[in-house]
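Below: the structure, in C-alpha cells.
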Amino acid sequence: MTDTQPRAVPPEPTSLHEHAADNLRFIRETMESTGRFTELSGLGYLLIGVSAALAWLVSLLAPEFELAIWFAEFVMATVLGLWFTARKAASAGTTLWTRSARKLLLAFSPPMAAGGLLTFVLYPTGNLALIQGIWLSLYGVSVITGGLFSVSIIPVMGMAFMAAGAIALLWPDTTGWMMLLGFGGLHGLFGLLIWRRYGG
Amino acid sequence: MAKAIKKTAAKVENNPPTAKPAPAPAADLDRLIHDRVRLGILSALATDASLSFSELKKVLKATDGNLSVHARKLEDAGYIECRKGFEGRTPRTDYRLTREGRQALEQYVAHMEAIISHVKGG
C-alpha cells in the first residue's frame, strides 16, 4: 500500500484484520450453505485403499476365511474413514455433525444397509463371487448418492465402483481382481486425487 | 482449498490476534471479488458444484437483479462460466467456477491470511 492510494487503507489496522477474518468466515459459511460436505479425507481414502489391498492379499493366503477377512476390512475402512474425516473437519474448525455431513451420511447409508441384508441372505448359498459383485455395485451406489452432498469427484468414484461391480457380476471369474481394483485401486487413486485437490 | 479457508477462519475465531497492529498488504487485492455478492458467488461455486441461478440466489439471499449484475461482472472477467438451457419448459441458467476464478479466490484467501498473520506477527 502506498501513499498514492489512501482510500484503500482503513483508518485502523485492527479493523483491517477483523475485516479479513470476517471475509474468511463469510467464505466458509457460504461454502457450507451450498449443502456440500467438503471435508472427506483424501489421505483416509488412500489408507483405506492400502488396507483393502492387504485384505485382498490375506484372503488369497486364507481363502476359507475370505468373508471374515473382508468383514474385518469393512470395519477397518469405516474406522479409517471416520477418523481421518473427523481429523480433517476438526482442523477446518468444523465437525462430522454438520447439516451437510448428516445429509451425506443419510444418502450413503440405505444402499449399504441393502448390501448387508443381501450378504446375510446370500451367505448360505456360498456364492461369494455374487456377494462381492453386489458389494462393489451397492457401495458404488452409496458413494454416488452420498457424493451428491460432497465434492463432484466423489460420485465419479461411485460410478467407477459400479462399473467394477457390473464386470464382477457379469463375469464372476473376474471378481477377485475387481475387489482388488475397486476397494484397493479406486480408493487409492481417488484418495490421491482428493488429497491433492481438496487436502488430506 | 475449502480446508485452507475453513482452517484459517477457525483459527481466527479461536485465537483473536492480540499483537500490536501493523500495516497489511493490500495493493494486490482483487477488487472484483472483494464485493460481498461476488465473493459469495465464487465461494458457493468453489465447492466444485454447478449451481443454478435460483440456487445461488437462495444461498446468497440476493435479489434477481443484484445477482445477475454481479454474476455478469464475474463472467466478463472469466471467473465463472454460464450455461443456459431448459428444464422442461422453464429456462435454467447454471454457473460454474473457471480455473481463473478458482485461482482468484485462492489468491484472495491467501491475501486475507497474510493480513491476519501480519497483524498477529506484528
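Residues are referred to by chain and number: the chain letter is A, B, ... according to the order shown in the C-alpha cells, the number counts from 1 in that chain, and ligands are numbered separately from 1 in the order shown.
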
* Asked: Contacts of Tyr79 in chain B at 10 Å or less, counting only C-alpha atoms, minus same-chain residues fewer than 5 places along, as a ChimeraX atom specification?
  -> /B:32-33,42,71-74,96-105

* To do: Would you list the contacts of Val141 in chain A as a ChimeraX atom specification, taking every protein, DNA or RNA residue within 12 Å and counting only C-alpha atoms, but skipping same-chain residues closer than 3 positions in sequence?
  => /A:107-115,134-138,144-148,154-166

* To do: Name the residues in contact with Arg102 in chain A at a cut-off of 12 Å, using only C-alpha atoms, excluding same-chain residues fewer than 6 positions from it; report them as a list in words.
  =>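 Once the nearby chain positions are removed, what remains is Gly35, Arg36, Phe37, Thr95, Leu96, Phe108, Ser109, Gly146, Phe149 and Ser150 of chain A.
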
* To do: Would you kindly return, as a list in words, each protein, DNA or RNA residue with an atom no farther than 8 Å from any atom of Met178 in chain A, considering only C-alpha atoms and excluding same-chain residues fewer than 2 positions away?
  =>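 Neighbouring residues, sequence-local ones excluded: Ala164, Gly165, Ile167, Ala168, Thr174, Thr175, Gly176, Leu180, Leu181 and Gly182 of chain A.
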
Can you write out the residues you just picked, keeping N, CA and C atoms, as an mmCIF file, in the first residue's frame?
```cif
data_model
loop_
_atom_site.group_PDB
_atom_site.id
_atom_site.type_symbol
_atom_site.label_atom_id
_atom_site.label_comp_id
_atom_site.auth_asym_id
_atom_site.auth_seq_id
_atom_site.Cartn_x
_atom_site.Cartn_y
_atom_site.Cartn_z
ATOM 1 N N ALA A 164 -17.035 -51.561 -11.846
ATOM 2 C CA ALA A 164 -16.297 -52.738 -11.355
ATOM 3 C C ALA A 164 -17.282 -53.815 -10.895
ATOM 4 N N GLY A 165 -18.353 -53.378 -10.225
ATOM 5 C CA GLY A 165 -19.373 -54.326 -9.766
ATOM 6 C C GLY A 165 -20.078 -55.006 -10.924
ATOM 7 N N ILE A 167 -18.872 -55.581 -13.908
ATOM 8 C CA ILE A 167 -17.944 -56.563 -14.506
ATOM 9 C C ILE A 167 -17.905 -57.827 -13.646
ATOM 10 N N ALA A 168 -17.830 -57.635 -12.317
ATOM 11 C CA ALA A 168 -17.764 -58.791 -11.411
ATOM 12 C C ALA A 168 -19.044 -59.627 -11.491
ATOM 13 N N THR A 174 -13.817 -62.745 -12.732
ATOM 14 C CA THR A 174 -13.003 -61.533 -12.518
ATOM 15 C C THR A 174 -13.222 -60.924 -11.135
ATOM 16 N N THR A 175 -14.094 -61.523 -10.325
ATOM 17 C CA THR A 175 -14.495 -60.879 -9.065
ATOM 18 C C THR A 175 -13.303 -60.540 -8.165
ATOM 19 N N GLY A 176 -12.378 -61.498 -8.036
ATOM 20 C CA GLY A 176 -11.214 -61.266 -7.175
ATOM 21 C C GLY A 176 -10.431 -60.032 -7.610
ATOM 22 N N LEU A 180 -9.855 -56.188 -5.800
ATOM 23 C CA LEU A 180 -8.568 -55.501 -5.633
ATOM 24 C C LEU A 180 -8.594 -54.149 -6.345
ATOM 25 N N LEU A 181 -9.066 -54.176 -7.582
ATOM 26 C CA LEU A 181 -9.110 -52.942 -8.379
ATOM 27 C C LEU A 181 -10.042 -51.908 -7.746
ATOM 28 N N GLY A 182 -11.184 -52.390 -7.249
ATOM 29 C CA GLY A 182 -12.169 -51.464 -6.669
ATOM 30 C C GLY A 182 -11.758 -50.966 -5.295
#
```

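Atom pair CA of Glu29 in chain A / CA of Pro91 in chain B: separated by 28.8 Å.
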
* Looking only at alpha helix (DSSP H) from DSSP on the backbone, list the matching residues of range 54-151 of chain A as a PyMOL selection string. => chain A and resi 54-61+66-91+99-122+128-147

How about saving the chosen residues, C-alpha atoms kept, as a PDB file, in the first residue's frame?
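Dumped to part38.pdb:
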```pdb
ATOM      1  CA  LEU A  54      -3.691 -56.017   2.178  1.00  0.00           C
ATOM      2  CA  ALA A  55      -7.048 -57.678   2.889  1.00  0.00           C
ATOM      3  CA  TRP A  56      -7.099 -58.978  -0.690  1.00  0.00           C
ATOM      4  CA  LEU A  57      -3.592 -60.463  -0.223  1.00  0.00           C
ATOM      5  CA  VAL A  58      -4.538 -62.083   3.081  1.00  0.00           C
ATOM      6  CA  SER A  59      -7.699 -63.534   1.533  1.00  0.00           C
ATOM      7  CA  LEU A  60      -5.518 -65.199  -1.122  1.00  0.00           C
ATOM      8  CA  LEU A  61      -3.478 -66.842   1.619  1.00  0.00           C
ATOM      9  CA  GLU A  66     -12.357 -64.682   2.881  1.00  0.00           C
ATOM     10  CA  LEU A  67     -15.714 -63.357   4.045  1.00  0.00           C
ATOM     11  CA  ALA A  68     -14.424 -62.779   7.592  1.00  0.00           C
ATOM     12  CA  ILE A  69     -11.319 -61.026   6.236  1.00  0.00           C
ATOM     13  CA  TRP A  70     -13.421 -58.656   4.146  1.00  0.00           C
ATOM     14  CA  PHE A  71     -15.745 -58.048   7.074  1.00  0.00           C
ATOM     15  CA  ALA A  72     -12.705 -57.084   9.190  1.00  0.00           C
ATOM     16  CA  GLU A  73     -11.596 -54.829   6.326  1.00  0.00           C
ATOM     17  CA  PHE A  74     -15.021 -53.181   6.275  1.00  0.00           C
ATOM     18  CA  VAL A  75     -14.668 -52.369   9.986  1.00  0.00           C
ATOM     19  CA  MET A  76     -11.103 -51.112   9.450  1.00  0.00           C
ATOM     20  CA  ALA A  77     -12.164 -48.954   6.472  1.00  0.00           C
ATOM     21  CA  THR A  78     -15.039 -47.448   8.468  1.00  0.00           C
ATOM     22  CA  VAL A  79     -12.711 -46.556  11.335  1.00  0.00           C
ATOM     23  CA  LEU A  80     -10.072 -45.099   8.990  1.00  0.00           C
ATOM     24  CA  GLY A  81     -12.637 -43.111   7.002  1.00  0.00           C
ATOM     25  CA  LEU A  82     -14.338 -41.670  10.086  1.00  0.00           C
ATOM     26  CA  TRP A  83     -11.066 -40.939  11.883  1.00  0.00           C
ATOM     27  CA  PHE A  84      -9.396 -39.079   9.033  1.00  0.00           C
ATOM     28  CA  THR A  85     -12.549 -37.218   8.032  1.00  0.00           C
ATOM     29  CA  ALA A  86     -13.131 -36.128  11.639  1.00  0.00           C
ATOM     30  CA  ARG A  87      -9.481 -35.035  11.808  1.00  0.00           C
ATOM     31  CA  LYS A  88      -9.763 -33.012   8.617  1.00  0.00           C
ATOM     32  CA  ALA A  89     -13.057 -31.482   9.750  1.00  0.00           C
ATOM     33  CA  ALA A  90     -11.585 -30.567  13.152  1.00  0.00           C
ATOM     34  CA  SER A  91      -8.595 -28.873  11.542  1.00  0.00           C
ATOM     35  CA  ARG A  99     -26.116 -30.465   8.350  1.00  0.00           C
ATOM     36  CA  SER A 100     -24.272 -31.303   5.117  1.00  0.00           C
ATOM     37  CA  ALA A 101     -22.391 -34.213   6.760  1.00  0.00           C
ATOM     38  CA  ARG A 102     -25.660 -35.638   8.091  1.00  0.00           C
ATOM     39  CA  LYS A 103     -27.249 -35.397   4.641  1.00  0.00           C
ATOM     40  CA  LEU A 104     -24.262 -37.185   3.138  1.00  0.00           C
ATOM     41  CA  LEU A 105     -24.488 -39.982   5.719  1.00  0.00           C
ATOM     42  CA  LEU A 106     -28.232 -40.304   5.239  1.00  0.00           C
ATOM     43  CA  ALA A 107     -27.802 -40.667   1.480  1.00  0.00           C
ATOM     44  CA  PHE A 108     -24.861 -43.063   1.851  1.00  0.00           C
ATOM     45  CA  SER A 109     -26.446 -45.498   4.303  1.00  0.00           C
ATOM     46  CA  PRO A 110     -29.503 -47.117   2.614  1.00  0.00           C
ATOM     47  CA  PRO A 111     -27.601 -48.917  -0.202  1.00  0.00           C
ATOM     48  CA  MET A 112     -25.022 -50.063   2.376  1.00  0.00           C
ATOM     49  CA  ALA A 113     -27.822 -51.461   4.542  1.00  0.00           C
ATOM     50  CA  ALA A 114     -29.263 -53.249   1.500  1.00  0.00           C
ATOM     51  CA  GLY A 115     -25.801 -54.710   0.823  1.00  0.00           C
ATOM     52  CA  GLY A 116     -25.628 -56.003   4.397  1.00  0.00           C
ATOM     53  CA  LEU A 117     -29.063 -57.602   4.093  1.00  0.00           C
ATOM     54  CA  LEU A 118     -28.221 -59.272   0.772  1.00  0.00           C
ATOM     55  CA  THR A 119     -24.957 -60.604   2.235  1.00  0.00           C
ATOM     56  CA  PHE A 120     -26.904 -62.130   5.119  1.00  0.00           C
ATOM     57  CA  VAL A 121     -29.478 -63.700   2.784  1.00  0.00           C
ATOM     58  CA  LEU A 122     -26.991 -64.954   0.176  1.00  0.00           C
ATOM     59  CA  LEU A 128     -19.053 -65.413  -2.700  1.00  0.00           C
ATOM     60  CA  ALA A 129     -18.462 -64.034  -6.195  1.00  0.00           C
ATOM     61  CA  LEU A 130     -22.104 -62.919  -6.363  1.00  0.00           C
ATOM     62  CA  ILE A 131     -21.928 -61.397  -2.880  1.00  0.00           C
ATOM     63  CA  GLN A 132     -18.759 -59.466  -3.724  1.00  0.00           C
ATOM     64  CA  GLY A 133     -20.216 -58.234  -7.020  1.00  0.00           C
ATOM     65  CA  ILE A 134     -23.172 -56.912  -5.034  1.00  0.00           C
ATOM     66  CA  TRP A 135     -20.791 -55.246  -2.538  1.00  0.00           C
ATOM     67  CA  LEU A 136     -18.980 -53.404  -5.326  1.00  0.00           C
ATOM     68  CA  SER A 137     -22.215 -52.338  -7.033  1.00  0.00           C
ATOM     69  CA  LEU A 138     -24.064 -51.201  -3.918  1.00  0.00           C
ATOM     70  CA  TYR A 139     -21.009 -49.479  -2.480  1.00  0.00           C
ATOM     71  CA  GLY A 140     -20.810 -47.619  -5.795  1.00  0.00           C
ATOM     72  CA  VAL A 141     -24.461 -46.573  -5.420  1.00  0.00           C
ATOM     73  CA  SER A 142     -23.768 -45.404  -1.846  1.00  0.00           C
ATOM     74  CA  VAL A 143     -20.790 -43.352  -2.952  1.00  0.00           C
ATOM     75  CA  ILE A 144     -22.777 -41.756  -5.781  1.00  0.00           C
ATOM     76  CA  THR A 145     -25.773 -40.852  -3.614  1.00  0.00           C
ATOM     77  CA  GLY A 146     -23.648 -39.696  -0.668  1.00  0.00           C
ATOM     78  CA  GLY A 147     -21.290 -37.902  -3.028  1.00  0.00           C
TER      79      GLY A 147
END
```

* Asked: Could you state the separation of CA of His34 in chain B and CA of Tyr108 in chain B in Å, given to one decimal place?
  ->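 Atom-to-atom, CA of His34 in chain B to CA of Tyr108 in chain B, that is 8.2 Å.
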
* CA of Lys58 in chain B to CA of Asp76 in chain B, distance in Å rounded to a single decimal -> 22.7 Å

* Excluding Ser68 in chain B and any residue of its chain fewer than 2 positions from it, enumerate the residues within 12 Å of it, using only C-alpha atoms, and give them as an NGL selection string. => :B and (37-38 or 41 or 52-54 or 56-57 or 62-66 or 70-76 or 82 or 93-95)

* Asked: Could you pull out the strand (DSSP E or B) residues of range 87-117 of chain B from DSSP and send them as a PyMOL selection string?
  -> chain B and resi 87+90-97

Write a file of the just-selected residues containing N, CA and C atoms, as a PDB file, in the first residue's frame.
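The resulting file, again_35.pdb, is reproduced below:
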```pdb
ATOM      1  N   GLU B  87     -35.180 -26.645 -18.423  1.00  0.00           N
ATOM      2  CA  GLU B  87     -35.574 -27.774 -17.595  1.00  0.00           C
ATOM      3  C   GLU B  87     -37.068 -27.937 -17.842  1.00  0.00           C
ATOM      4  N   THR B  90     -39.053 -24.627 -18.626  1.00  0.00           N
ATOM      5  CA  THR B  90     -38.547 -23.500 -17.840  1.00  0.00           C
ATOM      6  C   THR B  90     -37.081 -23.224 -18.157  1.00  0.00           C
ATOM      7  N   PRO B  91     -36.746 -21.973 -18.463  1.00  0.00           N
ATOM      8  CA  PRO B  91     -35.335 -21.644 -18.717  1.00  0.00           C
ATOM      9  C   PRO B  91     -34.503 -21.850 -17.444  1.00  0.00           C
ATOM     10  N   ARG B  92     -33.282 -22.330 -17.638  1.00  0.00           N
ATOM     11  CA  ARG B  92     -32.421 -22.578 -16.483  1.00  0.00           C
ATOM     12  C   ARG B  92     -31.014 -22.071 -16.810  1.00  0.00           C
ATOM     13  N   THR B  93     -30.427 -21.343 -15.864  1.00  0.00           N
ATOM     14  CA  THR B  93     -29.065 -20.840 -16.044  1.00  0.00           C
ATOM     15  C   THR B  93     -28.174 -21.476 -14.978  1.00  0.00           C
ATOM     16  N   ASP B  94     -27.123 -22.142 -15.419  1.00  0.00           N
ATOM     17  CA  ASP B  94     -26.191 -22.773 -14.489  1.00  0.00           C
ATOM     18  C   ASP B  94     -24.852 -22.066 -14.527  1.00  0.00           C
ATOM     19  N   TYR B  95     -24.243 -21.938 -13.345  1.00  0.00           N
ATOM     20  CA  TYR B  95     -22.931 -21.292 -13.251  1.00  0.00           C
ATOM     21  C   TYR B  95     -21.898 -22.288 -12.736  1.00  0.00           C
ATOM     22  N   ARG B  96     -20.688 -22.107 -13.201  1.00  0.00           N
ATOM     23  CA  ARG B  96     -19.577 -22.964 -12.767  1.00  0.00           C
ATOM     24  C   ARG B  96     -18.325 -22.095 -12.628  1.00  0.00           C
ATOM     25  N   LEU B  97     -17.487 -22.436 -11.674  1.00  0.00           N
ATOM     26  CA  LEU B  97     -16.237 -21.689 -11.478  1.00  0.00           C
ATOM     27  C   LEU B  97     -15.219 -22.103 -12.536  1.00  0.00           C
TER      28      LEU B  97
END
```
